[in-house]
>>> print(open('upload.tsv').read())   # TSV, C-alpha atoms
chain	number	residue	atom	x	y	z
A	868	MET	CA	27.79	14.25	3.61
A	869	SER	CA	24.29	14.88	2.39
A	870	THR	CA	23.17	13.61	-0.98
A	871	ASP	CA	19.93	15.56	-1.15
A	872	SER	CA	21.54	18.90	-1.96
A	873	SER	CA	20.71	20.98	-5.01
A	874	PRO	CA	22.71	20.62	-8.26
A	875	GLU	CA	24.36	24.01	-7.59
A	876	VAL	CA	25.51	22.93	-4.13
A	877	ARG	CA	26.84	19.65	-5.54
A	878	ALA	CA	28.66	21.53	-8.31
A	879	ASP	CA	30.20	23.81	-5.67
A	880	GLU	CA	31.19	20.84	-3.54
A	881	LEU	CA	32.81	19.13	-6.51
A	882	LEU	CA	34.74	22.29	-7.33
A	883	ALA	CA	35.92	22.68	-3.71
A	884	ILE	CA	37.00	19.03	-3.55
A	885	ARG	CA	38.94	19.31	-6.81
A	886	CYS	CA	40.71	22.37	-5.35
A	887	GLN	CA	41.44	20.44	-2.15
A	888	LEU	CA	42.86	17.62	-4.23
A	889	GLY	CA	45.22	20.17	-5.80
A	890	GLU	CA	43.94	20.35	-9.38
A	891	ARG	CA	45.22	23.59	-10.87
A	892	ASP	CA	42.41	23.88	-13.44
A	893	ALA	CA	39.84	23.62	-10.63
A	894	PHE	CA	41.15	26.92	-9.25
A	895	ASP	CA	40.68	28.47	-12.71
A	896	ALA	CA	37.10	27.17	-12.73
A	897	LEU	CA	36.57	28.49	-9.20
A	898	ILE	CA	37.72	31.96	-10.24
A	899	SER	CA	35.57	31.87	-13.40
A	900	ARG	CA	32.50	30.84	-11.42
A	901	TRP	CA	32.85	33.01	-8.35
A	902	HIS	CA	35.01	36.04	-9.04
A	903	GLU	CA	32.33	38.23	-10.56
A	904	PRO	CA	29.65	37.50	-7.89
A	905	ILE	CA	32.23	38.18	-5.16
A	906	TRP	CA	33.41	41.35	-6.89
A	907	ARG	CA	29.80	42.59	-7.22
A	908	TYR	CA	29.11	41.78	-3.57
A	909	LEU	CA	32.23	43.69	-2.51
A	910	ARG	CA	31.37	46.49	-4.91
A	911	ARG	CA	28.03	46.86	-3.15
A	912	LEU	CA	29.70	46.98	0.25
A	913	ALA	CA	32.57	49.27	-0.73
A	914	ASN	CA	30.85	51.54	-3.26
A	915	SER	CA	33.97	51.79	-5.37
A	916	ASP	CA	35.42	49.70	-8.20
A	917	ASP	CA	39.00	50.18	-7.02
A	918	ALA	CA	38.17	49.24	-3.43
A	919	ALA	CA	36.23	46.21	-4.67
A	920	ALA	CA	39.24	45.09	-6.72
A	921	ASP	CA	41.57	45.41	-3.71
A	922	LEU	CA	39.12	43.62	-1.44
A	923	ALA	CA	38.63	40.88	-4.03
A	924	GLN	CA	42.39	40.35	-4.14
A	925	ASP	CA	42.57	40.01	-0.34
A	926	THR	CA	39.56	37.69	-0.40
A	927	TRP	CA	41.05	35.38	-3.03
A	928	LEU	CA	44.38	35.31	-1.22
A	929	LYS	CA	42.57	33.94	1.84
A	930	VAL	CA	40.61	31.52	-0.34
A	931	PHE	CA	43.77	30.11	-1.94
A	932	ARG	CA	45.38	29.71	1.46
A	933	GLY	CA	42.34	28.37	3.25
A	934	ILE	CA	40.50	26.07	0.88
A	935	ALA	CA	42.68	23.05	1.72
A	936	SER	CA	41.32	23.17	5.27
A	937	LEU	CA	37.66	23.84	4.37
A	938	ARG	CA	35.82	21.23	6.43
A	939	GLU	CA	32.50	21.30	4.58
A	940	PRO	CA	33.15	21.58	0.84
A	941	ALA	CA	29.37	21.67	0.26
A	942	SER	CA	29.35	25.03	2.09
A	943	LEU	CA	31.68	26.62	-0.44
A	944	ARG	CA	29.28	29.47	-1.26
A	945	PRO	CA	28.70	30.77	2.31
A	946	TRP	CA	32.39	30.17	3.05
A	947	LEU	CA	33.48	32.36	0.13
A	948	PHE	CA	31.07	35.15	0.99
A	949	GLY	CA	31.99	34.85	4.66
A	950	ILE	CA	35.63	35.54	3.79
A	951	ALA	CA	34.65	38.40	1.46
A	952	ARG	CA	32.51	39.90	4.18
A	953	ARG	CA	35.24	39.69	6.84
A	954	VAL	CA	37.73	41.31	4.46
A	955	ALA	CA	35.26	44.12	3.68
A	956	MET	CA	34.39	44.64	7.36
A	957	ASP	CA	38.08	44.84	8.27
A	958	ARG	CA	38.47	47.58	5.68
A	959	LEU	CA	35.43	49.45	7.00
A	960	ARG	CA	36.77	49.19	10.54
A	961	ARG	CA	40.09	50.67	9.42
A	962	LEU	CA	38.23	53.48	7.66
A	963	TYR	CA	36.22	54.26	10.78
A	964	VAL	CA	39.31	54.28	12.96
A	965	ARG	CA	40.75	56.89	10.62
A	966	ALA	CA	37.56	58.91	10.48
A	967	GLU	CA	37.56	62.04	12.59
A	968	ASP	CA	33.86	61.79	13.42
A	969	GLY	CA	33.68	59.48	16.40
A	970	ASP	CA	29.90	59.10	16.08
A	971	ALA	CA	30.08	57.44	12.67
A	972	ARG	CA	28.09	54.21	12.51
A	973	LEU	CA	28.14	51.39	9.98
A	974	GLU	CA	24.55	52.22	9.01
A	975	ASP	CA	25.56	55.78	8.19
A	976	LEU	CA	27.81	54.68	5.38
A	977	GLN	CA	25.76	55.66	2.37
A	978	ALA	CA	26.46	54.97	-1.26
A	979	PRO	CA	27.44	57.73	-3.65
A	980	GLU	CA	24.72	58.99	-5.93
A	981	PRO	CA	23.94	56.41	-8.59
A	982	ASP	CA	24.98	57.16	-12.17
A	983	ALA	CA	22.45	59.19	-14.15
A	984	ASP	CA	22.66	57.14	-17.31
A	985	LEU	CA	21.52	53.78	-16.00
A	986	GLU	CA	19.63	52.10	-18.78
A	987	SER	CA	18.47	48.64	-17.81
A	988	ASP	CA	16.16	47.43	-15.05
A	989	LEU	CA	19.10	45.64	-13.48
A	990	ALA	CA	21.03	48.87	-13.29
A	991	THR	CA	18.01	50.59	-11.73
A	992	LEU	CA	17.83	47.84	-9.14
A	993	GLU	CA	21.56	48.23	-8.49
A	994	ALA	CA	21.07	51.92	-7.90
A	995	GLY	CA	18.21	51.20	-5.52
A	996	LEU	CA	20.35	48.70	-3.66
A	997	HIS	CA	23.16	51.22	-3.31
A	998	SER	CA	20.84	53.62	-1.53
A	999	LEU	CA	20.13	51.12	1.26
A	1000	PRO	CA	21.99	51.13	4.58
A	1001	LEU	CA	24.89	48.67	4.66
A	1002	HIS	CA	23.28	45.89	6.72
A	1003	GLU	CA	20.07	45.84	4.67
A	1004	ARG	CA	21.96	46.09	1.37
A	1005	GLU	CA	24.22	43.22	2.34
A	1006	THR	CA	21.40	40.98	3.57
A	1007	LEU	CA	19.29	41.59	0.47
A	1008	ALA	CA	22.23	40.92	-1.83
A	1009	LEU	CA	23.10	37.67	-0.07
A	1010	PHE	CA	19.48	36.47	-0.05
A	1011	TYR	CA	18.32	37.35	-3.54
A	1012	LEU	CA	21.44	37.74	-5.61
A	1013	ARG	CA	23.66	35.10	-4.01
A	1014	GLU	CA	20.75	32.81	-3.09
A	1015	LEU	CA	21.97	31.98	0.41
A	1016	THR	CA	19.37	30.68	2.86
A	1017	ILE	CA	18.31	32.67	5.92
A	1018	GLU	CA	20.21	30.21	8.13
A	1019	GLN	CA	23.38	30.54	6.01
A	1020	ILE	CA	23.17	34.34	6.11
A	1021	ALA	CA	22.57	34.27	9.87
A	1022	SER	CA	25.65	32.10	10.31
A	1023	LEU	CA	27.74	34.26	7.98
A	1024	LEU	CA	26.73	37.54	9.65
A	1025	ALA	CA	26.78	36.04	13.16
A	1026	VAL	CA	23.26	37.22	13.93
A	1027	PRO	CA	20.05	35.27	14.79
A	1028	PRO	CA	17.82	34.20	11.86
A	1029	GLY	CA	15.13	36.55	13.20
A	1030	THR	CA	17.47	39.51	12.67
A	1031	VAL	CA	18.10	38.41	9.08
A	1032	LYS	CA	14.34	38.23	8.49
A	1033	SER	CA	13.76	41.69	9.97
A	1034	ARG	CA	16.62	43.14	7.90
A	1035	LEU	CA	15.13	41.57	4.78
A	1036	PHE	CA	11.74	43.00	5.61
A	1037	ARG	CA	13.19	46.46	6.18
A	1038	ALA	CA	15.38	46.21	3.06
A	1039	ARG	CA	12.41	45.26	0.87
A	1040	ARG	CA	10.36	48.14	2.26
A	1041	LEU	CA	13.18	50.65	1.75
A	1042	LEU	CA	13.94	49.33	-1.74
A	1043	ARG	CA	10.25	49.55	-2.72
A	1044	ALA	CA	10.14	53.14	-1.51
A	1045	GLU	CA	13.38	53.90	-3.32
A	1046	LEU	CA	12.27	52.36	-6.63
A	1047	LYS	CA	8.80	53.96	-6.70
A	1048	PRO	CA	9.99	57.46	-7.70
A	1049	MET	CA	12.22	55.89	-10.37
A	1050	GLU	CA	9.19	54.16	-11.95
A	1051	MET	CA	7.34	57.45	-12.33
A	1052	PRO	CA	7.50	59.07	-15.79
B	947	MET	CA	37.30	45.23	-20.52
B	948	ASN	CA	35.18	46.18	-17.49
B	949	ASN	CA	36.45	46.55	-13.94
B	950	ALA	CA	35.27	43.11	-12.82
B	951	GLN	CA	37.12	41.45	-15.71
B	952	ASP	CA	40.21	43.53	-15.05
B	953	SER	CA	40.09	42.45	-11.41
B	954	GLU	CA	39.63	38.80	-12.49
B	955	LEU	CA	42.79	39.03	-14.56
B	956	ARG	CA	44.70	40.20	-11.47
B	957	ILE	CA	43.26	37.31	-9.45
B	958	ARG	CA	44.39	34.80	-12.08
B	959	MET	CA	47.92	36.20	-11.89
B	960	LEU	CA	47.75	36.02	-8.10
B	961	ALA	CA	46.63	32.38	-8.34
B	962	LYS	CA	49.60	31.57	-10.55
B	963	SER	CA	52.10	32.75	-7.95
B	964	GLU	CA	50.14	31.58	-4.89
B	965	LEU	CA	49.52	28.05	-6.16
B	966	SER	CA	53.05	27.34	-7.40
B	967	LEU	CA	53.92	23.73	-6.52
B	968	THR	CA	57.66	24.45	-6.71
B	969	SER	CA	57.58	26.93	-3.84
B	970	ARG	CA	55.51	24.53	-1.70
B	971	LEU	CA	57.85	21.62	-2.27
B	972	GLY	CA	60.76	23.97	-1.63
B	973	TYR	CA	59.45	24.53	1.88
B	974	VAL	CA	58.98	20.75	2.31
B	975	ALA	CA	62.64	20.23	1.30
B	976	LEU	CA	63.70	22.98	3.72
B	977	LEU	CA	61.77	21.30	6.54
B	978	LEU	CA	63.37	17.92	5.81
B	979	VAL	CA	66.93	19.24	5.57
B	980	ALA	CA	66.52	21.41	8.69
B	981	SER	CA	65.04	18.45	10.64
B	982	ALA	CA	67.90	16.14	9.65
B	983	MET	CA	70.52	18.76	10.46
B	984	THR	CA	68.94	19.50	13.83
B	985	VAL	CA	68.70	15.80	14.76
B	986	ILE	CA	72.38	15.24	13.88
B	987	VAL	CA	73.60	18.27	15.81
B	988	VAL	CA	71.42	17.58	18.88
B	989	THR	CA	72.52	13.94	18.85
B	990	LEU	CA	76.20	14.92	18.82
B	991	LEU	CA	75.61	17.55	21.47
B	992	THR	CA	73.90	15.17	23.85
B	993	THR	CA	75.98	12.03	23.32
B	994	GLU	CA	79.56	13.26	22.91
B	995	PRO	CA	80.99	13.78	26.40
B	996	GLY	CA	84.38	15.12	25.34
B	997	LEU	CA	83.27	18.10	23.26
B	998	PRO	CA	85.30	21.27	23.91
B	999	GLY	CA	83.35	24.27	25.24
B	1000	ARG	CA	83.55	26.29	22.03
B	1001	ALA	CA	82.34	23.33	19.95
B	1002	ARG	CA	79.47	22.85	22.39
B	1003	VAL	CA	78.43	26.52	22.01
B	1004	ALA	CA	78.68	26.22	18.21
B	1005	PHE	CA	76.48	23.11	18.26
B	1006	VAL	CA	73.88	24.86	20.40
B	1007	ILE	CA	73.80	27.78	17.96
B	1008	MET	CA	73.49	25.36	15.02
B	1009	SER	CA	70.61	23.61	16.79
B	1010	VAL	CA	68.81	26.91	17.30
B	1011	ILE	CA	69.32	27.77	13.62
B	1012	GLY	CA	67.98	24.36	12.61
B	1013	VAL	CA	64.91	24.72	14.81
B	1014	SER	CA	64.34	28.23	13.41
B	1015	TRP	CA	64.40	26.91	9.83
B	1016	MET	CA	62.01	24.14	10.85
B	1017	GLY	CA	59.69	26.73	12.41
B	1018	LEU	CA	59.81	28.94	9.32
B	1019	ALA	CA	59.07	26.03	6.97
B	1020	THR	CA	56.21	24.78	9.18
B	1021	TRP	CA	54.72	28.27	9.41
B	1022	ALA	CA	54.93	28.73	5.63
B	1023	LEU	CA	53.36	25.33	4.97
B	1024	THR	CA	50.49	25.92	7.38
B	1025	THR	CA	49.65	29.56	6.65
B	1026	ARG	CA	51.28	30.87	3.46
B	1027	ARG	CA	51.64	27.83	1.23
B	1028	PRO	CA	49.29	25.13	2.58
B	1029	LEU	CA	49.57	21.81	0.79
B	1030	ALA	CA	46.66	20.36	-1.18
B	1031	ALA	CA	45.92	16.64	-0.83
B	1032	ARG	CA	47.99	15.73	-3.90
B	1033	ASP	CA	50.90	17.94	-2.73
B	1034	ARG	CA	50.82	16.19	0.64
B	1035	VAL	CA	51.24	12.80	-0.99
B	1036	ILE	CA	54.21	14.11	-3.01
B	1037	ALA	CA	55.65	15.71	0.14
B	1038	GLY	CA	55.10	12.44	2.03
B	1039	TRP	CA	57.06	10.46	-0.57
B	1040	MET	CA	59.80	13.10	-0.50
B	1041	ALA	CA	59.98	12.76	3.28
B	1042	VAL	CA	60.08	8.95	3.17
B	1043	GLY	CA	62.81	8.98	0.49
B	1044	PHE	CA	64.89	11.57	2.30
B	1045	THR	CA	64.58	9.98	5.73
B	1046	SER	CA	65.32	6.50	4.30
B	1047	VAL	CA	68.63	7.75	2.90
B	1048	TYR	CA	69.32	9.49	6.21
B	1049	MET	CA	68.42	6.29	8.09
B	1050	ILE	CA	70.82	4.19	5.98
B	1051	GLY	CA	73.56	6.75	6.70
B	1052	THR	CA	72.97	6.57	10.44
B	1053	VAL	CA	72.96	2.74	10.39
B	1054	VAL	CA	76.36	2.78	8.64
B	1055	VAL	CA	77.66	5.29	11.20
B	1056	ALA	CA	76.31	3.16	14.06
B	1057	LEU	CA	77.94	0.00	12.67
B	1058	VAL	CA	81.30	1.69	12.06
B	1059	ALA	CA	81.49	3.83	15.20
B	1060	ARG	CA	79.88	1.36	17.64
B	1061	ASN	CA	79.45	4.10	20.21
B	1062	PRO	CA	76.47	5.87	21.86
B	1063	SER	CA	76.56	8.72	19.31
B	1064	GLY	CA	76.11	6.30	16.41
B	1065	LEU	CA	73.24	4.49	18.13
B	1066	ALA	CA	71.54	7.78	19.07
B	1067	ALA	CA	71.87	9.04	15.47
B	1068	MET	CA	70.29	5.78	14.28
B	1069	ALA	CA	67.43	6.21	16.77
B	1070	GLY	CA	66.92	9.79	15.50
B	1071	GLY	CA	66.88	8.53	11.91
B	1072	LEU	CA	64.36	5.85	12.83
B	1073	LEU	CA	62.13	8.44	14.49
B	1074	LEU	CA	62.22	10.71	11.41
B	1075	LEU	CA	61.45	7.77	9.12
B	1076	ALA	CA	58.50	6.73	11.31
B	1077	LEU	CA	57.14	10.30	11.24
B	1078	ALA	CA	57.54	10.44	7.46
B	1079	VAL	CA	55.75	7.12	6.94
B	1080	GLY	CA	52.93	8.27	9.25
B	1081	ALA	CA	52.58	11.54	7.33
B	1082	LEU	CA	52.53	9.69	3.99
B	1083	ARG	CA	49.86	7.24	5.16
B	1084	LYS	CA	47.70	10.09	6.45
B	1085	ALA	CA	48.14	12.03	3.19
B	1086	LYS	CA	47.21	9.00	1.07
B	1087	ARG	CA	44.13	8.31	3.20
B	1088	ARG	CA	42.96	11.94	2.88
B	1089	PHE	CA	43.59	11.91	-0.88
B	1090	ALA	CA	41.62	8.67	-1.26
B	1091	GLU	CA	38.68	10.09	0.75
B	1092	LEU	CA	38.51	13.22	-1.39
B	1093	ALA	CA	38.93	11.28	-4.64
B	1094	ALA	CA	36.12	8.89	-3.63
B	1095	ARG	CA	33.81	11.79	-2.82
B	1096	ARG	CA	34.70	13.37	-6.14
B	1097	VAL	CA	33.72	10.19	-8.04
B	1098	GLU	CA	30.49	9.96	-6.03
B	1099	LEU	CA	29.56	13.56	-6.82
B	1100	GLU	CA	30.35	13.17	-10.51
B	1101	ARG	CA	28.16	10.07	-10.63
B	1102	GLU	CA	25.31	11.89	-8.86
B	1103	MET	CA	25.58	14.85	-11.22
B	1104	ARG	CA	25.57	12.60	-14.30
B	1105	SER	CA	22.48	10.80	-13.08
B	1106	GLY	CA	20.62	14.11	-12.66
B	1107	PRO	CA	18.61	15.59	-9.78
B	1108	ILE	CA	17.59	13.31	-6.93
B	1109	SER	CA	13.83	13.23	-6.36
>>> encode(input="upload.tsv", output="structure tokens")
Amino acid sequence: MSTDSSPEVRADELLAIRCQLGERDAFDALISRWHEPIWRYLRRLANSDDAAADLAQDTWLKVFRGIASLREPASLRPWLFGIARRVAMDRLRRLYVRAEDGDARLEDLQAPEPDADLESDLATLEAGLHSLPLHERETLALFYLRELTIEQIASLLAVPPGTVKSRLFRARRLLRAELKPMEMP
Amino acid sequence: MNNAQDSELRIRMLAKSELSLTSRLGYVALLLVASAMTVIVVTLLTTEPGLPGRARVAFVIMSVIGVSWMGLATWALTTRRPLAARDRVIAGWMAVGFTSVYMIGTVVVALVARNPSGLAAMAGGLLLLALAVGALRKAKRRFAELAARRVELEREMRSGPIS
């Protein structure tokens, strides 16, 4: 195992190993550290608090059942978001199967209108993010907010690194265009 | 309380039920009892030549039930309630203790009965004990590896970032 990883990666690895050892308080620490980021990630994908809560529950169920067999504890972060993503995609697939419009595409799933009373810059950014198509929104969130590398995102989304880069480029361009009108007085 | 915190509360409750050690060790106990029962019944079935037809059918049914319980326990322990490294060591000791008692029982039966059934039961007991010892050794090795890595990481984190 590598020893040149960042302090965050080592902290994650330690947490994963303590969970694999079977320390109950390590699971509490895991939830404290990762629940909110996972919930926010799912919230961005699902566009609903209730759906995010249900998806988070399914995600954590898989985490509790799967962490004992996690081969690379240092990869805890991409592993967690990989599970969250699969759970969210399964839900989207079920929704599309139910949808009457057979031409519906993943990219067509748009967020609801952002709340009018957003006050902080962070909330403005959130609103801008919500306006992006799903793939771009997800890639941007994983890269900037979850701090995964391009290679980790590529592995998690099962796409080439070049696709991740082009999605990031497109996402930044769309987000810039989206935020410009908001900056105007 | 916001929605993320509310959801976190639900996850903590979920963790409490999902990570219960009692239910895990319950499945380990079920696996051990079902294995012992199945070995005894199969041994009798295969080594007793004079069994009446109805008894033979009953033994076959009992064997199928035993194998089903073993399958259920194995499925639960691999998918629903997987064991952490520490749980595996506990489960390994449980298995060694249980199979040792079973082994002693089969040795007594073999000495008293002095027939093929007794010897076959003893061989079955020996096999279960060997499997249990193997599982315990593997569990202890895995636990030691993880514990060593944990110590190494804690030392690295105390000494600060590596340049």
>>> atom_distance(input="upload.tsv", atom1="CA of Leu937 (chain A)", atom2="CA of His1002 (chain A)")
26.4 Å
>>> closest_residue(input="upload.tsv", among="B:Val1013, B:Trp1039, B:Phe1089, B:Leu1023", to="Thr984 (chain B)", atoms="all atoms listed in the file")
B:Val1013
>>> interface_residues(input="upload.tsv", of="chain A", to="chain B", cutoff="6 Å", atoms="all atoms listed in the file", output="VMD selection string")
chain A and resid 887 to 889 920 935
>>> closest_residue(input="upload.tsv", among="B:Val1003, B:Leu976, B:Ile986, B:Leu1077", to="Gly1051 (chain B)", atoms="all atoms listed in the file")
B:Ile986
>>> closest_residue(input="upload.tsv", among="A:Leu909, A:Leu928, A:Ala1008, A:Leu959", to="Arg1039 (chain A)", atoms="all atoms listed in the file")
A:Ala1008
>>> residues_around(input="upload.tsv", residues="Ser1046 (chain B)", least_positions_apart="6", cutoff="9 Å", atoms="all atoms listed in the file", output="PyMOL selection string")
chain B and resi 1071-1072+1074-1075
>>> write_last_selection(input="upload.tsv", atoms="C-alpha atoms", output="compact mmCIF listing (two decimals), in the frame of the given file")
# COMPACT_ATOMS: atom_id res chain seq x y z
CA GLY B 1071 66.88 8.53 11.91
CA LEU B 1072 64.36 5.85 12.83
CA LEU B 1074 62.22 10.71 11.41
CA LEU B 1075 61.45 7.77 9.12
>>> atom_distance(input="upload.tsv", atom1="CA of Leu943 (chain A)", atom2="CA of Ser1022 (chain A)")
13.5 Å
>>> atom_distance(input="upload.tsv", atom1="CA of Ala1056 (chain B)", atom2="CA of Gly1012 (chain B)")
22.8 Å
